[in-house]
Amino acid sequence: MISRSIRFLVLILSFSLVPVITFAESTPPKATYVFYEEAVSLFDAERYEEALPALEALAEAGNPQAARQLSKMFKLGLGTSEDVNSATDWGIKAQKLEGKGIIDAYASLFVENVGLDTEFNVVYLIFHLNVHILEVPNLEPSAQLKLQEQRLKEIRGYKVNLEHLQGPAHDFYVALVSLRYFTAEQRLDIAELAYQFRVPSHQTIYEIVVRKFEYHEEEIKESEGRSSEYLDYVKDQVQTYNRRLNQDLLKALAREISLETSARKGNATAQWELGKGIFLGKPFPKDELCGLTWMTVALSEGGGDWVEFEEYAKTRPDTMLPLIILRAQGVVASDYRRSVCS
């Protein structure tokens with residue numbers, strides 16, 4: 001049976017005036033940690049149905065560790081039915097209680113992967129971001145509107161967390177650029193940084209951004225002659241896209257994608273030009289290993305220049321060249337189904 005101290009804690013908290021947690025809650029009071037170890041001991045003893053209400057009481061009082069533990073329990077169905085949505089909500093609350101902003105809280109949850117394995121996919125994440133960030137149930141209309149405005153302001157002021165972008169949460173940004181509340185500047189910042197760091201999903205992110213741009217262009221065409229606040233906003237977004245997509249890294253990315261499309265079709269000239277550009281870092285982000293691999297593919301297809309290749313290859317350790325050649329041969333043999341630069 002649940003101990004007297006835990007029972008007393010749950011009873012007191014259930015009748016207290018402790019408010020329900022929102023994403024804007026502050027750092028928890030230290031007193032909530034007093035009974036956390038006892039609640040965890042119930043969990044460790046696999047007394048999940050007893051641990052659940054104790055952890056909920058602690059989490060609602062502001063204990064981020066309890067909220068994180070609840071996230072795992074709802075995901076795995078320990079002491080309750082499996083509920084990915086509740087698992088996500090508790091995980092986000094844990095991050096917020098530790099002082100993270102709303103977007104960084106989601107990114108941190110993605111990085112930690114608190115038991116949310118494959119079900120926590122991009123489609124579900126987009127749904128959760130769009131529906132749960134601004135929709136706040138069980139609040140008075142005026143309070144709900146105020147909280148929505150606060151969250152929207154925070155989202156529109158978000159700056160990309162580079163640590164997350166380079167880490168295991170890079171797929172999180174695929175969902176992020178699809179978020180309808182983001183501005184064109186924010187989407188383009190993410191696309192540019194993803195390309196600069198050559199994260200695995202950088203092309204996907206860029207393609208989503210371009211589709212959003214094309215969608216806004218269609219909206220303007222269909223609304224010709226009409227004036228509205230939203231249309232003015234859309235026109236401003238398109239202006240931003242036009243300016244940024246034809247500059248610097250994003251322009252280089254468009255060129256790289258075009259070359260890679262031809263390279264994957266076996267065009268040796270495109271393979272050599274792409275490899276050389278990536279190796280030298282002009283105009284693409286520098287990646288010597290990736291560049292040498294593309295140049296090796298070009299040579300195997302009858303293009304390129306062996307003398308020039310040997311000069312470039314000298315910059316790499318001798319042990320790397322046989323591995324590069326083997327990888328290039330594997331890519332060609334698989335008819336480019338494998339990624340040249342992975």
# chains A, B, ... in the order shown; residues from 1 in each chain; ligands from 1
>>> residues_around(residues="A:Leu188", least_positions_apart="4", cutoff="8 Å", atoms="only C-alpha atoms", output="PyMOL selection string")
chain A and resi 184+192+209+241+244
>>> select_by_dssp(residues="stretch 58-192 of chain A", states="helix (DSSP H, G or I)", output="number ranges by chain")
A: 58-60, 64-76, 84-97, 102-112, 122-132, 141-156, 162-166, 172-176, 184-192
>>> closest_residue(among="A:Tyr312, A:Tyr181, A:Phe284, A:Trp90", to="A:Arg255", atoms="only C-alpha atoms")
A:Phe284
>>> residues_around(residues="A:Tyr195", least_positions_apart="4", cutoff="12 Å", atoms="only C-alpha atoms", output="NGL selection string")
:A and (165-166 or 170 or 188-191 or 199-207 or 248-254 or 256-257 or 284-287)
>>> residues_around(residues="stretch 175-180 of chain A", least_positions_apart="2", cutoff="12 Å", atoms="only C-alpha atoms", output="PyMOL selection string")
chain A and resi 102-104+106-107+110+120-134+152+155-156+158-160+165+169-173+182-192+194+201-202+204-213+216+234
>>> closest_residue(among="A:Gly304, A:Arg316, A:Ser334, A:Ala57", to="A:Phe35", atoms="only C-alpha atoms")
A:Ala57
>>> residues_around(residues="A:Gln271", least_positions_apart="5", cutoff="9 Å", atoms="only C-alpha atoms", output="PyMOL selection string")
chain A and resi 259-260+262-264+266+276+294-299+303-304
>>> write_last_selection(atoms="all heavy atoms", output="CSV table (one decimal), in the first residue's frame")
chain,number,residue,atom,x,y,z
A,259,LEU,N,22.9,20.2,-59.3
A,259,LEU,CA,24.0,19.4,-59.8
A,259,LEU,C,23.9,17.9,-59.3
A,259,LEU,O,24.2,17.0,-60.0
A,259,LEU,CB,25.4,19.9,-59.2
A,259,LEU,CG,26.0,21.1,-60.0
A,259,LEU,CD1,27.2,21.6,-59.2
A,259,LEU,CD2,26.4,20.7,-61.4
A,260,GLU,N,23.5,17.7,-58.0
A,260,GLU,CA,23.3,16.4,-57.5
A,260,GLU,C,22.3,15.6,-58.3
A,260,GLU,O,22.4,14.4,-58.5
A,260,GLU,CB,23.0,16.4,-56.0
A,260,GLU,CG,23.0,15.0,-55.4
A,260,GLU,CD,22.9,15.1,-53.9
A,260,GLU,OE1,23.3,16.0,-53.3
A,260,GLU,OE2,22.4,14.1,-53.3
A,262,SER,N,21.6,15.8,-61.4
A,262,SER,CA,22.3,15.3,-62.7
A,262,SER,C,23.3,14.3,-62.3
A,262,SER,O,23.5,13.3,-63.0
A,262,SER,CB,22.9,16.5,-63.4
A,262,SER,OG,22.0,17.4,-63.8
A,263,ALA,N,24.1,14.5,-61.2
A,263,ALA,CA,25.1,13.5,-60.8
A,263,ALA,C,24.5,12.2,-60.5
A,263,ALA,O,25.1,11.1,-60.9
A,263,ALA,CB,25.8,14.1,-59.6
A,264,ARG,N,23.4,12.1,-59.9
A,264,ARG,CA,22.8,10.8,-59.5
A,264,ARG,C,22.2,10.1,-60.8
A,264,ARG,O,21.9,8.9,-60.7
A,264,ARG,CB,21.7,11.0,-58.5
A,264,ARG,CG,22.2,11.3,-57.1
A,264,ARG,CD,21.0,11.4,-56.1
A,264,ARG,NE,21.5,11.5,-54.7
A,264,ARG,CZ,21.8,10.5,-53.9
A,264,ARG,NH1,21.7,9.3,-54.4
A,264,ARG,NH2,22.3,10.7,-52.7
A,266,GLY,N,24.1,9.9,-63.3
A,266,GLY,CA,25.3,9.3,-64.0
A,266,GLY,C,26.1,10.4,-64.8
A,266,GLY,O,27.0,10.0,-65.6
A,276,LYS,N,34.2,18.8,-56.8
A,276,LYS,CA,35.3,19.8,-56.7
A,276,LYS,C,34.8,21.0,-55.9
A,276,LYS,O,35.5,21.5,-55.0
A,276,LYS,CB,35.7,20.3,-58.1
A,276,LYS,CG,36.9,21.2,-58.1
A,276,LYS,CD,37.3,21.5,-59.6
A,276,LYS,CE,38.4,22.5,-59.7
A,276,LYS,NZ,38.8,22.8,-61.1
A,294,TRP,N,32.6,12.2,-54.5
A,294,TRP,CA,32.0,12.6,-55.7
A,294,TRP,C,33.0,12.6,-56.9
A,294,TRP,O,32.7,12.1,-58.0
A,294,TRP,CB,31.3,13.9,-55.6
A,294,TRP,CG,29.8,13.9,-55.2
A,294,TRP,CD1,29.3,14.4,-54.1
A,294,TRP,CD2,28.8,13.2,-55.9
A,294,TRP,NE1,27.9,14.2,-54.0
A,294,TRP,CE2,27.6,13.4,-55.1
A,294,TRP,CE3,28.7,12.4,-57.0
A,294,TRP,CZ2,26.4,12.9,-55.5
A,294,TRP,CZ3,27.5,11.9,-57.4
A,294,TRP,CH2,26.3,12.1,-56.6
A,295,MET,N,34.2,13.1,-56.7
A,295,MET,CA,35.2,13.1,-57.7
A,295,MET,C,35.6,11.7,-58.1
A,295,MET,O,35.8,11.4,-59.3
A,295,MET,CB,36.4,14.0,-57.3
A,295,MET,CG,36.2,15.5,-57.3
A,295,MET,SD,37.7,16.5,-57.1
A,295,MET,CE,37.7,16.4,-55.3
A,296,THR,N,35.7,10.8,-57.1
A,296,THR,CA,36.0,9.4,-57.4
A,296,THR,C,34.9,8.8,-58.2
A,296,THR,O,35.2,8.0,-59.2
A,296,THR,CB,36.2,8.6,-56.1
A,296,THR,OG1,37.2,9.3,-55.3
A,296,THR,CG2,36.6,7.2,-56.4
A,297,VAL,N,33.6,9.1,-57.9
A,297,VAL,CA,32.5,8.6,-58.7
A,297,VAL,C,32.6,9.1,-60.1
A,297,VAL,O,32.4,8.3,-61.1
A,297,VAL,CB,31.2,9.1,-58.1
A,297,VAL,CG1,30.0,8.8,-59.0
A,297,VAL,CG2,30.9,8.4,-56.7
A,298,ALA,N,33.0,10.4,-60.3
A,298,ALA,CA,33.1,10.9,-61.7
A,298,ALA,C,34.2,10.2,-62.5
A,298,ALA,O,34.0,9.9,-63.6
A,298,ALA,CB,33.4,12.4,-61.6
A,299,LEU,N,35.3,9.9,-61.8
A,299,LEU,CA,36.4,9.2,-62.5
A,299,LEU,C,36.0,7.8,-62.9
A,299,LEU,O,36.3,7.3,-64.0
A,299,LEU,CB,37.6,9.1,-61.6
A,299,LEU,CG,38.4,10.5,-61.3
A,299,LEU,CD1,39.4,10.3,-60.1
A,299,LEU,CD2,39.1,11.0,-62.5
A,303,GLY,N,34.8,10.5,-66.3
A,303,GLY,CA,35.0,11.9,-66.3
A,303,GLY,C,36.1,12.4,-65.4
A,303,GLY,O,36.8,11.5,-64.8
A,304,GLY,N,36.2,13.7,-65.2
A,304,GLY,CA,37.2,14.2,-64.2
A,304,GLY,C,38.6,14.2,-64.8
A,304,GLY,O,38.8,13.9,-65.9
>>> atom_distance(atom1="atom CA of A:Leu58", atom2="atom CA of A:Ala45")
18.5 Å
>>> closest_residue(among="A:Leu280, A:Val174, A:Ala67, A:Leu76", to="A:Leu292", atoms="only C-alpha atoms")
A:Leu280
